[in-house]
Each structure stands twice: as C-alpha cells, then as structure tokens.
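Presented below is the structure to which this report refers.
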Amino acid sequence: MATPTPQKFEFQAEIKQLLDIVIHSLYTEKEIFVRELVSNASDALEKLRHTQLTEKEIHDDKLGLEINLTTDDKAKTLTLQDYGIGMTRAELVENLGTIAHSGSKQFLKALGEGDKKNANLIGQFGVGFYSAFMVAKSVKVYSRSWKTGEAGHVWSSDGSGSYEIEEVEGLSRGSKIVIELKDDCADYANDGRIKAILERYSAFVSFPINLNGQHINTVQALWLRSKSEIKEEEYNEFYKFQSHAYDEPSLRLHFSADAPLAINALLFVPQENTEKMGMSRLEPAVSLYCRKVLIDAAPKDLLPEWLRFLKGVVDSEDLPLNISRETMQDKALIEKLNKVITKRFLKFLDEEATQRPDSFIKFYANFGIYLKEGAALDFTHKDQLVKLLRFESSLTDKAKHTSLADYVSRMGADQKEIYYLTGANRSTVESGPYLEAFKARNLEVLFCYEPVDEYVMNNVREFDGKKLIAADHGDVKLTDLPQADGALSADDTKTLTTWMKASLGERVAEVKASDRLVDSPALAINADKFMTAHMRRMMKAMNKDGADMPQRVNLEINPRSAVMKRLFETHTTAPEKAKLVAEQILDNALISAGMLEDATPMVARLYKLLESV
Ligand code: ADP
Ligand code: MG
C-alpha cells in the first residue's frame, strides 16, 4: 500500500479549469482564503469530535482540538495546522484532486459559458481549499488520518495541472497546510494582517485559534447556545463585542428555527436611536454567519430597511459557506431569511406590546419612527406594523397610548372613520379649534406629534376597514348637534358670511357656517386639499417650489359664538371696526391652524382695535 517515492497525479479537468481561474483572476479580496482554510480545519476538528464518540482506536487521541497558525515573514510562508480528522492517501486524492464539494461545483456552474475569469464569482461562492492558490506559489498539505495504522503523506502542488503525493514519517494526527506565498502576496506572512483577518471572519469558530502562539478567538458564538444557560452579562458582553457598542441593549431576541430554514439568530435593539439624535442614517448591522463563520458583516438585504436599527447575528446552516460576500447572488435564499426573521421579530414586538407594555412603549418612544416608516412603505409587513403603532388620543391621559385596535374597539356604532390631528404637542392639539366638534360628539381623536405622522397616516390610509381621516380636513362630515339657543338665524348667518367674504377679499376662498365648532368663534381650513399647513411648513423648511404659492383658506364661523353675534350687529353699525374684527378673527383662526405666516400686520391692527376699547 505504501508508496515511498513521490507519485504524480493530474488534476481532474474541472479542477484544472477552476485553478486556472483562481490563479489568473484579479479578485481583490484574496484574504478570504484564510477563512476557507480555517473553516476546513474547524470542520476537520468537528468531524474528529464526532468520531471520538463512536470509535475507540484513534491515533494521537490525547491531542487538543485546536487550530494553530504560524507566519514566517522571512520565508514568506503561512502555516495552518489542525489536530482534526486528517486524510489518508486515498482521501487526499479524492478531496483535493477531484471536484467533490459543493462550493466549487456551484462556482463552476455559475460561471457556465460566461466570463471565464469573472473575479466576482470567487467572492460569491468561494472556492474552498483552492482559494489558497490565489496567494500561493505552492501549497503543501501534510496530513495523517485519525485511523490507526495509516501512514502520513504530503500532498503538494503549484496549482498548475498536477500534484504529487509522497509518504512522510512522523506526522501527528490532522493536517498542516504550508503556503509559500507569491511575492506580491507576502503580507499574508504578516502576523498583524492575519490577526485582523481572523478577527473579522473567524472570531466565533468554536475551537481555539492560536496565531504564533497567541489565542485569538476568545468570544463564544453565543447564538448557538441554549438560552437557559446564558447569563444576562454574557449577552451584554457579546452585544458590545459584536456591535462595537458601549451601551447595553434595550431589547433582545434570541431564537432558532428549523423550517423553512435552519436559523439561529441573536438580535439586539440598542439603548439609543442615534439617527433620531441627529447622527447619520444607520447602515445594516446584523451579520450573516454560516456555522459560526462570517459570510457578510453587513448584508444589505437580510432585513428590511426599517429594521436598520437592529444589531446582532443571523446564522444559517443552509447557506453555502461562500454564498456571496459583496453582491449576495443567492437572492432567493436571502429573501427567505429576510422573511423568516422579520416575521419573527414582529411577533416578538407584538408579544412585548401585550405582555410588557411599559417596556414596549419605552422602545416605541425611541424606535417607533422605524415602525412608522415600515407601516408607510413596506407593503409586505404593513398590517403587522400598523398594529404596533401607538398614539396619545383625546381619550387617553398625557403620555398614555392607544393602539388603533383599541381605538376601534371604543368606536360607537355610527362612527365609520378613524380621526387624527397633527400638532407639535398635546396642548397645541387640544387648544386648537378642531377638536371641540369631535369632543362634543364623543368621537375619539388620535394625536400625532411627529413630523412624519401626516405622511404615515396618508400612506397607511385605513385600519380594519376604517379610513384614517385628518380631523382638520375639509371633507370631514359630522352629524348635526342639537341647535343651541340664541344662535344667529340661518338668514343672518348667510348675511354675515357674505359680508365677511367681501371684506376679507382674496385672503379667503370661502366663508361659511360651521357644524364643527362648539366654543371657538371660527376655524380655518386649508382650501387646497393636498397642501395642508403641515405640508406647507415642511416644503418651506426644504425650500421646495410651491411653498410660496399664496395660501388659500376656507374660514368656518360659529353662529352660536358671542363674538359672531356681536360682529353681526357691528357690521352695519360700525363697519370700519367690524372689518378690523373680521380680519383679526381670521388671523386668530390661522394661528390656531399653524398657518399664520406673517404676524406683523396683526400687531398694528390690534393696537387700532385697542384704541377703541
Ligand atoms: P468543502 O470544505 O466545501 O468541502 P474544500 O475545497 O474547502 O471544500 O475542501 C475539500 C475537502 O477537503 C473537504 O471536504 C475535506 O474533506 C478535505 N479537507 C480540506 N481541508 C481539510 C483539513 N484541514 N483536514 C481534513 N480534511 C480537509
Ligand atoms: Mg471548505
């Protein structure tokens, strides 16, 4: 069986093709070869551990399960050694000389008839062991199987066409790969360089990795351990290490799934929302792993945009190790992962909201804005997201919140729509003239304080079959209230509104009696449906066209108000003064609506009015 002299072998045709591409490609991120070889070493150790469970006779049974790397920058070599399962002579031929493993096969398949030197595909599929030839002049694999009675061998090749196998005395169990680096790749014999690569890709490999005698991977892959065994501090430490964070997470979701994909995930919500604090837009930060080996630290499509505040790790065994690093070609798989994780996280938030409402509201105060973004833009998850939205309302106390579902449960039989009002804060909304009509009719109104709310409500459009309607919108139709005593008659009201329109001129599009006022004398409603006051302010702030268009408002007056009754008397007896009063009523209504753009003329007018007191 033993063959003392070196024996020469031709690579299988596909391997030749593969090597030709690998060696001549201009793929820039050559460093992935370290990840590939370390994960092979880790696989070999894992296999040995399994073998130890069933086999009694194992060569060098006492050797520790670890991976050792050494660099020699004088000799320009990098050596990786493991005490894993090792390879027999036949296995060396089978595993390193023929195309057996999935990664390389997929790579060649993806190449198809296309560009034979497509460098990117190397990054997408990886080429396993052969990636070493991106940086190597020659590769030597010393290997000895765990099986007692097998000889050790060295497999060697320069990557061109053929390889040699020769028997070697005195090897210990496992494999040792010696890479003689190409001149332009000599920096892979640099300790610091390799250390950085190991920390990036192999930080969580389960077996100790030592580089020139120094232990590198000290943090555990917490996401694969069982929840009940993990202490709070361990989670927090892991979060800080993995997310490069200084705070402690505010929420955590640790879960695993078997179908439709095998997933282990550990997700964190940070303490602070830095985007809200005015820092730059967050980038995806949940890393994708396959069995503890990093595939992509910041995959773009792993989660929907609105989940960009999440940190942590997703690990799926179903990923081919080298699925893709920069362009993530295997879209379908990533989409599937995205779906499963998003659904699970939404379920988690829903549980928080029902089981720990205080904690949820704390989260919502900081990160609710992302849920709103999702509710407005992510059609797939809209329904679940809308359920999570929370608002203060005319029926809640300050700083207490309601969901849309709770709002709907309180709706009376005749109420068909869900009403909301936007404003800077509770007192602005409550003191405005719009709310009273709803209060008088026992209709609940949601309060929206954030600039995006109007946009979100417009996009969400409805909940549970009920339209979301801005309470200050011109189209709102409310039921009649019983006529209060002493209101102006319909004729007098008509006379007054006609006179007011004439004296206010271009400043108003229309003046009419209102059914929505109870105490206030008047209110202003934007005549332009699509250009609300809020929108106008935003456009102004952004310096957008259209912000300078003259504003057109409808003025609605309250025939029950003492101010209006007095104005009806004075408009004939003291027309000059009545005109000033009408102007002032309009300005007051504009102020309440947040639509008064220039207050200067008002000040002069007020002094004039005060003279006559
Ligand atoms: P993959 O890891 O996807 O199977 P590779 O090209 O990385 O493909 O490796 C090919 C095969 O070579 C492996 O499946 C394994 O059987 C064998 N192999 C590679 N490295 C080692 C090692 N350090 N110890 C034992 N076997 C190894
Ligand atoms: Mg491999």
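Following the order of the structure tokens, chains are lettered A, B, ..., residues in each are numbered from 1, and ligands are numbered from 1.
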
(request) From the DSSP assignment of the backbone, select every residue of stretch 1-115 of chain A that is strand (DSSP E), and format the answer as JSON, numbers by chain. (result) {"A": [7, 8, 9, 10, 67, 68, 69, 70, 71, 72, 77, 78, 79, 80, 81, 82]}

Produce a file of the selected residues containing N, CA, C and O atoms, as a compact mmCIF listing (two decimals), in the first residue's frame.
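Written out: again_12.txt:
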```
# COMPACT_ATOMS: atom_id res chain seq x y z
N GLN A 7 4.51 10.30 -6.00
CA GLN A 7 3.70 9.87 -7.12
C GLN A 7 2.99 11.08 -7.68
O GLN A 7 2.46 11.91 -6.94
N LYS A 8 3.00 11.20 -9.01
CA LYS A 8 2.43 12.38 -9.65
C LYS A 8 1.02 12.09 -10.14
O LYS A 8 0.74 11.02 -10.67
N PHE A 9 0.11 13.06 -9.95
CA PHE A 9 -1.28 12.93 -10.40
C PHE A 9 -1.69 14.14 -11.22
O PHE A 9 -1.24 15.26 -10.93
N GLU A 10 -2.56 13.90 -12.19
CA GLU A 10 -3.17 15.02 -12.90
C GLU A 10 -4.43 15.44 -12.15
O GLU A 10 -5.17 14.59 -11.67
N ILE A 67 -6.63 24.95 16.50
CA ILE A 67 -6.10 25.34 15.19
C ILE A 67 -4.94 26.29 15.44
O ILE A 67 -5.08 27.27 16.18
N ASN A 68 -3.81 25.98 14.84
CA ASN A 68 -2.63 26.83 15.05
C ASN A 68 -2.15 27.41 13.73
O ASN A 68 -1.97 26.70 12.74
N LEU A 69 -1.97 28.72 13.74
CA LEU A 69 -1.42 29.37 12.55
C LEU A 69 -0.06 29.95 12.90
O LEU A 69 0.12 30.49 14.00
N THR A 70 0.86 29.84 11.98
CA THR A 70 2.15 30.50 12.18
C THR A 70 2.55 31.24 10.91
O THR A 70 2.28 30.78 9.80
N THR A 71 3.14 32.40 11.12
CA THR A 71 3.60 33.17 9.97
C THR A 71 5.12 33.24 10.01
O THR A 71 5.72 33.27 11.09
N ASP A 72 5.71 33.29 8.86
CA ASP A 72 7.17 33.48 8.78
C ASP A 72 7.41 34.50 7.68
O ASP A 72 7.36 34.16 6.50
N THR A 77 6.03 32.48 4.34
CA THR A 77 5.12 31.34 4.42
C THR A 77 4.07 31.57 5.50
O THR A 77 4.29 32.29 6.47
N LEU A 78 2.93 30.92 5.27
CA LEU A 78 1.86 30.89 6.26
C LEU A 78 1.49 29.42 6.45
O LEU A 78 1.32 28.70 5.46
N THR A 79 1.41 29.00 7.72
CA THR A 79 1.11 27.61 8.00
C THR A 79 -0.14 27.49 8.86
O THR A 79 -0.28 28.23 9.84
N LEU A 80 -1.04 26.60 8.46
CA LEU A 80 -2.24 26.33 9.27
C LEU A 80 -2.22 24.87 9.66
O LEU A 80 -2.09 24.01 8.78
N GLN A 81 -2.38 24.62 10.95
CA GLN A 81 -2.29 23.24 11.38
C GLN A 81 -3.44 22.91 12.30
O GLN A 81 -3.85 23.71 13.14
N ASP A 82 -4.06 21.73 12.08
CA ASP A 82 -5.12 21.29 12.99
C ASP A 82 -4.89 19.85 13.40
O ASP A 82 -4.22 19.10 12.69
```

(request) Kindly provide, as a list of chain:residue names, all nucleotide and amino acid residues lying within 7 Å of ligand 1, counting only C-alpha atoms and all ligand atoms. (result) A:Glu36, A:Leu37, A:Asn40, A:Ala41, A:Ala44, A:Asp82, A:Gly84, A:Ile85, A:Gly86, A:Met87, A:Asn95, A:Leu96, A:His101, A:Ser102, A:Gly103, A:Ser104, A:Val127, A:Gly128, A:Phe129, A:Tyr130, A:Gly174, A:Ser175

(message) Residues within 8 Å of A:Tyr289, please, as number ranges by chain. Count only C-alpha atoms; anything in the same chain fewer than 4 positions from it doesn't count.
(response) A: 293-296, 313-316

Print the selection's residues with C-alpha atoms to a file, as a CSV table (one decimal), in the first residue's frame.
```csv
chain,number,residue,atom,x,y,z
A,293,VAL,CA,-18.1,31.6,10.1
A,294,LEU,CA,-18.7,35.1,8.8
A,295,ILE,CA,-20.3,35.4,5.4
A,296,ASP,CA,-21.1,39.1,5.4
A,313,VAL,CA,-26.1,37.9,14.3
A,314,VAL,CA,-28.0,35.6,12.0
A,315,ASP,CA,-26.5,32.1,11.4
A,316,SER,CA,-27.9,29.7,8.9
```

(message) Excluding stretch 142-145 of chain A and its own-chain neighbours fewer than 3 positions away, which residues fall within 12 Å of it when counting only C-alpha atoms? Please give them as JSON, numbers by chain.
(response) {"A": [41, 44, 45, 47, 48, 51, 57, 58, 59, 60, 61, 79, 80, 81, 82, 83, 84, 85, 86, 87, 88, 89, 90, 91, 92, 93, 96, 139, 148, 149, 150, 151, 152, 153, 154, 155, 156, 164, 165, 166, 167, 168, 169, 170, 171, 172, 173, 174, 175, 176, 177, 178, 179]}

With N, CA and C atoms retained, export the selected residues as a compact mmCIF listing (two decimals), in the first residue's frame.
```
# COMPACT_ATOMS: atom_id res chain seq x y z
N ALA A 41 -10.33 23.53 8.68
CA ALA A 41 -9.70 22.99 9.88
C ALA A 41 -10.75 22.76 10.97
N ALA A 44 -12.72 19.74 10.18
CA ALA A 44 -11.95 18.53 10.44
C ALA A 44 -11.94 18.20 11.94
N LEU A 45 -11.89 19.26 12.78
CA LEU A 45 -11.92 19.04 14.23
C LEU A 45 -13.30 18.57 14.68
N LYS A 47 -15.41 16.92 12.89
CA LYS A 47 -15.56 15.52 12.47
C LYS A 47 -14.82 14.59 13.43
N LEU A 48 -13.67 15.04 13.88
CA LEU A 48 -12.92 14.19 14.81
C LEU A 48 -13.70 14.01 16.11
N THR A 51 -16.19 11.47 15.61
CA THR A 51 -15.60 10.14 15.50
C THR A 51 -15.24 9.60 16.88
N GLU A 57 -10.37 3.40 18.87
CA GLU A 57 -8.99 3.50 18.41
C GLU A 57 -8.78 4.76 17.59
N ILE A 58 -8.21 5.76 18.19
CA ILE A 58 -7.96 7.00 17.46
C ILE A 58 -6.49 7.35 17.60
N HIS A 59 -5.86 7.62 16.49
CA HIS A 59 -4.44 7.94 16.52
C HIS A 59 -4.22 9.27 17.25
N ASP A 60 -3.18 9.29 18.11
CA ASP A 60 -2.87 10.51 18.87
C ASP A 60 -4.09 11.04 19.63
N ASP A 61 -4.77 10.15 20.33
CA ASP A 61 -6.05 10.52 20.94
C ASP A 61 -5.96 11.68 21.92
N THR A 79 1.41 29.00 7.72
CA THR A 79 1.11 27.61 8.00
C THR A 79 -0.14 27.49 8.86
N LEU A 80 -1.04 26.60 8.46
CA LEU A 80 -2.24 26.33 9.27
C LEU A 80 -2.22 24.87 9.66
N GLN A 81 -2.38 24.62 10.95
CA GLN A 81 -2.29 23.24 11.38
C GLN A 81 -3.44 22.91 12.30
N ASP A 82 -4.06 21.73 12.08
CA ASP A 82 -5.12 21.29 12.99
C ASP A 82 -4.89 19.85 13.40
N TYR A 83 -5.45 19.47 14.57
CA TYR A 83 -5.39 18.07 15.01
C TYR A 83 -6.71 17.38 14.72
N GLY A 84 -7.24 17.67 13.54
CA GLY A 84 -8.55 17.14 13.17
C GLY A 84 -8.49 15.73 12.65
N ILE A 85 -9.43 15.43 11.81
CA ILE A 85 -9.65 14.07 11.35
C ILE A 85 -8.56 13.56 10.40
N GLY A 86 -7.89 14.51 9.73
CA GLY A 86 -6.81 14.14 8.82
C GLY A 86 -7.30 13.43 7.57
N MET A 87 -6.36 13.13 6.65
CA MET A 87 -6.74 12.44 5.42
C MET A 87 -5.77 11.30 5.13
N THR A 88 -6.31 10.20 4.67
CA THR A 88 -5.47 9.11 4.18
C THR A 88 -5.01 9.48 2.77
N ARG A 89 -4.15 8.67 2.23
CA ARG A 89 -3.67 8.90 0.87
C ARG A 89 -4.84 8.98 -0.12
N ALA A 90 -5.76 7.99 0.02
CA ALA A 90 -6.90 7.96 -0.90
C ALA A 90 -7.77 9.20 -0.73
N GLU A 91 -7.91 9.65 0.51
CA GLU A 91 -8.73 10.84 0.75
C GLU A 91 -8.09 12.10 0.20
N LEU A 92 -6.77 12.16 0.25
CA LEU A 92 -6.08 13.32 -0.34
C LEU A 92 -6.40 13.41 -1.82
N VAL A 93 -6.36 12.26 -2.48
CA VAL A 93 -6.65 12.24 -3.92
C VAL A 93 -8.10 12.63 -4.18
N LEU A 96 -8.82 16.52 -2.56
CA LEU A 96 -8.09 17.68 -3.09
C LEU A 96 -7.80 17.56 -4.59
N VAL A 139 1.54 24.98 -2.52
CA VAL A 139 0.83 24.58 -1.30
C VAL A 139 1.24 23.15 -0.96
N THR A 148 -5.79 4.40 12.99
CA THR A 148 -4.50 3.84 13.37
C THR A 148 -4.02 2.94 12.23
N GLY A 149 -2.71 2.89 12.07
CA GLY A 149 -2.17 2.02 11.04
C GLY A 149 -2.07 2.68 9.67
N GLU A 150 -2.53 3.93 9.54
CA GLU A 150 -2.38 4.64 8.27
C GLU A 150 -1.07 5.43 8.29
N ALA A 151 -0.46 5.59 7.13
CA ALA A 151 0.76 6.40 7.06
C ALA A 151 0.38 7.86 6.85
N GLY A 152 1.35 8.75 7.12
CA GLY A 152 1.15 10.17 6.82
C GLY A 152 1.67 10.48 5.43
N HIS A 153 1.13 11.54 4.80
CA HIS A 153 1.56 11.91 3.45
C HIS A 153 1.67 13.41 3.32
N VAL A 154 2.41 13.82 2.32
CA VAL A 154 2.36 15.23 1.94
C VAL A 154 1.85 15.33 0.51
N TRP A 155 0.89 16.19 0.37
CA TRP A 155 0.29 16.49 -0.94
C TRP A 155 0.87 17.82 -1.34
N SER A 156 1.41 17.95 -2.56
CA SER A 156 1.95 19.27 -2.91
C SER A 156 1.64 19.62 -4.35
N GLU A 164 1.51 16.17 -6.42
CA GLU A 164 2.26 14.98 -6.04
C GLU A 164 1.88 14.55 -4.64
N ILE A 165 1.95 13.24 -4.41
CA ILE A 165 1.74 12.74 -3.05
C ILE A 165 2.92 11.86 -2.66
N GLU A 166 3.42 12.11 -1.47
CA GLU A 166 4.57 11.33 -1.00
C GLU A 166 4.36 10.97 0.47
N GLU A 167 4.82 9.77 0.81
CA GLU A 167 4.68 9.35 2.20
C GLU A 167 5.68 10.10 3.09
N VAL A 168 5.24 10.45 4.30
CA VAL A 168 6.11 11.17 5.23
C VAL A 168 6.05 10.49 6.59
N GLU A 169 7.22 10.36 7.21
CA GLU A 169 7.30 9.72 8.53
C GLU A 169 6.99 10.74 9.62
N GLY A 170 6.49 10.23 10.74
CA GLY A 170 6.46 11.02 11.98
C GLY A 170 5.45 12.15 12.06
N LEU A 171 4.39 12.13 11.23
CA LEU A 171 3.38 13.18 11.35
C LEU A 171 2.43 12.85 12.50
N SER A 172 1.95 13.88 13.18
CA SER A 172 0.88 13.64 14.16
C SER A 172 -0.46 13.80 13.45
N ARG A 173 -1.52 13.39 14.16
CA ARG A 173 -2.84 13.36 13.52
C ARG A 173 -3.27 14.75 13.03
N GLY A 174 -4.03 14.77 11.95
CA GLY A 174 -4.57 16.03 11.44
C GLY A 174 -3.83 16.52 10.21
N SER A 175 -4.02 17.81 9.90
CA SER A 175 -3.44 18.35 8.68
C SER A 175 -2.64 19.61 8.99
N LYS A 176 -1.60 19.78 8.21
CA LYS A 176 -0.81 21.01 8.30
C LYS A 176 -0.63 21.52 6.88
N ILE A 177 -1.09 22.72 6.66
CA ILE A 177 -1.03 23.28 5.31
C ILE A 177 0.02 24.38 5.28
N VAL A 178 1.02 24.20 4.45
CA VAL A 178 2.08 25.21 4.36
C VAL A 178 1.94 25.93 3.03
N ILE A 179 1.76 27.25 3.14
CA ILE A 179 1.57 28.04 1.93
C ILE A 179 2.81 28.88 1.69
```

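Using only C-alpha atoms, the nearest neighbour of A:Glu272 within the list A:Phe438, A:Tyr607, A:Phe363, A:Phe133 is A:Phe363.
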
(request) Can you pull out every residue within 12 Å of A:Leu610, counting only C-alpha atoms, but drop anything in the same chain fewer than 6 positions away, and send it as a ChimeraX atom specification? (result) /A:577,580-581,603-604

Would you export the selected residues with all heavy atoms as a compact mmCIF listing (two decimals), in the first residue's frame, please?
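Listing of out.txt after writing:
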```txt
# COMPACT_ATOMS: atom_id res chain seq x y z
N LYS A 577 -64.84 99.29 12.15
CA LYS A 577 -64.34 98.49 13.25
C LYS A 577 -64.63 97.00 13.00
O LYS A 577 -63.79 96.12 13.25
CB LYS A 577 -65.02 98.95 14.54
CG LYS A 577 -64.38 98.38 15.77
CD LYS A 577 -64.91 99.13 16.99
CE LYS A 577 -64.94 98.24 18.20
NZ LYS A 577 -65.68 98.88 19.31
N LEU A 580 -62.04 95.38 10.94
CA LEU A 580 -60.83 95.03 11.71
C LEU A 580 -61.05 93.75 12.51
O LEU A 580 -60.18 92.87 12.59
CB LEU A 580 -60.44 96.17 12.65
CG LEU A 580 -59.97 97.48 12.00
CD1 LEU A 580 -59.64 98.51 13.09
CD2 LEU A 580 -58.74 97.24 11.12
N VAL A 581 -62.25 93.64 13.11
CA VAL A 581 -62.55 92.45 13.91
C VAL A 581 -62.55 91.20 13.02
O VAL A 581 -61.98 90.15 13.38
CB VAL A 581 -63.90 92.61 14.65
CG1 VAL A 581 -64.31 91.28 15.30
CG2 VAL A 581 -63.80 93.70 15.71
N VAL A 603 -50.24 92.96 14.51
CA VAL A 603 -49.88 93.77 15.67
C VAL A 603 -50.42 95.20 15.50
O VAL A 603 -51.08 95.75 16.39
CB VAL A 603 -48.35 93.80 15.87
CG1 VAL A 603 -47.97 94.72 17.01
CG2 VAL A 603 -47.85 92.38 16.13
N ALA A 604 -50.21 95.78 14.33
CA ALA A 604 -50.70 97.14 14.06
C ALA A 604 -52.22 97.19 14.21
O ALA A 604 -52.78 98.12 14.81
CB ALA A 604 -50.28 97.56 12.65
```

(message) I'd like the contact shell of A:Leu389 - 12 Å cut-off, only C-alpha atoms, skipping same-chain residues fewer than 2 positions apart - returned as a PyMOL selection string.
(response) chain A and resi 349-350+353+360-361+363-365+367-376+382-387+391-392+401-407+446+448+453+456-457+460+463

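With only C-alpha atoms and all ligand atoms as the basis for measurement, A:Ser42 is the residue among A:Gln242, A:Ser160, A:Gln12, A:Ser42 that approaches ligand 2 most closely.
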
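Among A:Ser157, A:Ser503, A:Thr380, A:Thr98, the residue with the shortest atom-to-atom distance to A:His571, counting only C-alpha atoms, is A:Ser503.
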
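Neighbouring residues of A:Asp472 at 9 Å or closer, counting only C-alpha atoms and skipping chain neighbours under 5 positions away, are Tyr420, Leu421, Thr422, Tyr434, Leu435, Ala524, Ile525, Asn526 and Ala593 of chain A.
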
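Comparing A:Gly505, A:Pro433, A:Pro284, A:Gly192 by their smallest distance to A:Lys300, the closest is A:Pro284 (using only C-alpha atoms).
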
(request) Quick one: pull the distance between atom CA of A:Leu303 and atom CA of A:Asp358, Å, one decimal. (result) 26.1 Å

(request) Would you mind writing down, as a VMD selection string, each residue of stretch 197-402 of chain A that DSSP on the backbone assigns to alpha helix (DSSP H)? (result) chain A and resid 197 to 201 232 to 243 331 to 355 357 to 377 382 to 388

Could you dump the residues just selected with C-alpha atoms as a PDB file, in the first residue's frame?
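Listed below is the output, out35.pdb:
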```pdb
ATOM      1  CA  ILE A 197      -8.447  38.633   9.076  1.00  0.00           C
ATOM      2  CA  LEU A 198      -9.040  36.013  11.768  1.00  0.00           C
ATOM      3  CA  GLU A 199     -10.828  38.517  13.981  1.00  0.00           C
ATOM      4  CA  ARG A 200     -13.041  39.519  11.108  1.00  0.00           C
ATOM      5  CA  TYR A 201     -14.085  36.161   9.737  1.00  0.00           C
ATOM      6  CA  GLU A 232     -27.570  38.437  31.206  1.00  0.00           C
ATOM      7  CA  GLU A 233     -23.984  39.743  31.418  1.00  0.00           C
ATOM      8  CA  GLU A 234     -22.852  37.315  28.752  1.00  0.00           C
ATOM      9  CA  TYR A 235     -25.488  38.650  26.391  1.00  0.00           C
ATOM     10  CA  ASN A 236     -24.482  42.219  27.135  1.00  0.00           C
ATOM     11  CA  GLU A 237     -20.793  41.488  26.680  1.00  0.00           C
ATOM     12  CA  PHE A 238     -21.489  39.742  23.420  1.00  0.00           C
ATOM     13  CA  TYR A 239     -23.555  42.678  22.188  1.00  0.00           C
ATOM     14  CA  LYS A 240     -20.757  45.107  22.970  1.00  0.00           C
ATOM     15  CA  PHE A 241     -18.159  42.955  21.277  1.00  0.00           C
ATOM     16  CA  GLN A 242     -20.174  42.101  18.204  1.00  0.00           C
ATOM     17  CA  SER A 243     -21.766  45.526  17.605  1.00  0.00           C
ATOM     18  CA  LYS A 331     -31.172  36.338  -3.722  1.00  0.00           C
ATOM     19  CA  ALA A 332     -33.882  33.768  -3.173  1.00  0.00           C
ATOM     20  CA  LEU A 333     -32.209  32.386  -0.089  1.00  0.00           C
ATOM     21  CA  ILE A 334     -31.600  35.797   1.414  1.00  0.00           C
ATOM     22  CA  GLU A 335     -35.192  36.759   0.738  1.00  0.00           C
ATOM     23  CA  LYS A 336     -36.341  33.665   2.556  1.00  0.00           C
ATOM     24  CA  LEU A 337     -34.127  34.500   5.523  1.00  0.00           C
ATOM     25  CA  ASN A 338     -35.407  38.056   5.468  1.00  0.00           C
ATOM     26  CA  LYS A 339     -38.995  36.867   5.576  1.00  0.00           C
ATOM     27  CA  VAL A 340     -38.499  34.446   8.433  1.00  0.00           C
ATOM     28  CA  ILE A 341     -36.511  36.828  10.607  1.00  0.00           C
ATOM     29  CA  THR A 342     -38.765  39.830  10.026  1.00  0.00           C
ATOM     30  CA  LYS A 343     -41.851  37.802  10.816  1.00  0.00           C
ATOM     31  CA  ARG A 344     -40.262  36.507  13.980  1.00  0.00           C
ATOM     32  CA  PHE A 345     -39.151  39.931  15.108  1.00  0.00           C
ATOM     33  CA  LEU A 346     -42.607  41.386  14.520  1.00  0.00           C
ATOM     34  CA  LYS A 347     -44.081  38.583  16.576  1.00  0.00           C
ATOM     35  CA  PHE A 348     -41.591  39.391  19.302  1.00  0.00           C
ATOM     36  CA  LEU A 349     -42.613  43.069  19.289  1.00  0.00           C
ATOM     37  CA  ASP A 350     -46.250  42.072  19.397  1.00  0.00           C
ATOM     38  CA  GLU A 351     -45.569  39.950  22.467  1.00  0.00           C
ATOM     39  CA  GLU A 352     -43.675  42.808  24.075  1.00  0.00           C
ATOM     40  CA  ALA A 353     -46.579  45.138  23.382  1.00  0.00           C
ATOM     41  CA  THR A 354     -49.132  42.854  25.006  1.00  0.00           C
ATOM     42  CA  GLN A 355     -47.066  41.286  27.772  1.00  0.00           C
ATOM     43  CA  PRO A 357     -46.497  47.301  27.511  1.00  0.00           C
ATOM     44  CA  ASP A 358     -44.242  49.614  29.533  1.00  0.00           C
ATOM     45  CA  SER A 359     -41.129  48.167  28.010  1.00  0.00           C
ATOM     46  CA  PHE A 360     -42.720  48.341  24.579  1.00  0.00           C
ATOM     47  CA  ILE A 361     -43.660  51.997  24.981  1.00  0.00           C
ATOM     48  CA  LYS A 362     -40.089  52.785  26.025  1.00  0.00           C
ATOM     49  CA  PHE A 363     -38.877  51.067  22.878  1.00  0.00           C
ATOM     50  CA  TYR A 364     -41.550  52.822  20.846  1.00  0.00           C
ATOM     51  CA  ALA A 365     -40.536  56.249  22.098  1.00  0.00           C
ATOM     52  CA  ASN A 366     -37.065  55.721  20.640  1.00  0.00           C
ATOM     53  CA  PHE A 367     -37.608  53.411  17.704  1.00  0.00           C
ATOM     54  CA  GLY A 368     -41.294  53.836  16.837  1.00  0.00           C
ATOM     55  CA  ILE A 369     -40.265  56.014  13.943  1.00  0.00           C
ATOM     56  CA  TYR A 370     -38.906  52.936  12.137  1.00  0.00           C
ATOM     57  CA  LEU A 371     -42.171  51.086  12.661  1.00  0.00           C
ATOM     58  CA  LYS A 372     -43.949  54.059  11.118  1.00  0.00           C
ATOM     59  CA  GLU A 373     -41.554  54.034   8.192  1.00  0.00           C
ATOM     60  CA  GLY A 374     -42.280  50.355   7.679  1.00  0.00           C
ATOM     61  CA  ALA A 375     -46.034  50.829   8.056  1.00  0.00           C
ATOM     62  CA  ALA A 376     -45.923  53.502   5.373  1.00  0.00           C
ATOM     63  CA  LEU A 377     -43.529  51.856   2.940  1.00  0.00           C
ATOM     64  CA  LYS A 382     -47.753  46.781   6.760  1.00  0.00           C
ATOM     65  CA  ASP A 383     -50.581  45.011   8.586  1.00  0.00           C
ATOM     66  CA  GLN A 384     -48.446  43.743  11.447  1.00  0.00           C
ATOM     67  CA  LEU A 385     -46.668  47.085  11.710  1.00  0.00           C
ATOM     68  CA  VAL A 386     -49.835  49.173  11.800  1.00  0.00           C
ATOM     69  CA  LYS A 387     -50.992  47.067  14.743  1.00  0.00           C
ATOM     70  CA  LEU A 388     -47.886  48.159  16.631  1.00  0.00           C
TER      71      LEU A 388
END
```

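Here atom CA of A:Lys74 stands at a distance of 11.6 Å from atom CA of A:Asp183.
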
(message) Under the rule that only C-alpha atoms are counted, which of A:Lys105, A:Arg35, A:Lys400, A:Lys30 is the nearest residue to A:Ile15?
(response) A:Lys105

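Checking A:Ile32, A:Met411, A:Ala13, A:Ile557 one by one against ligand 2, counting only C-alpha atoms and all ligand atoms, you find the shortest gap at A:Ile32.
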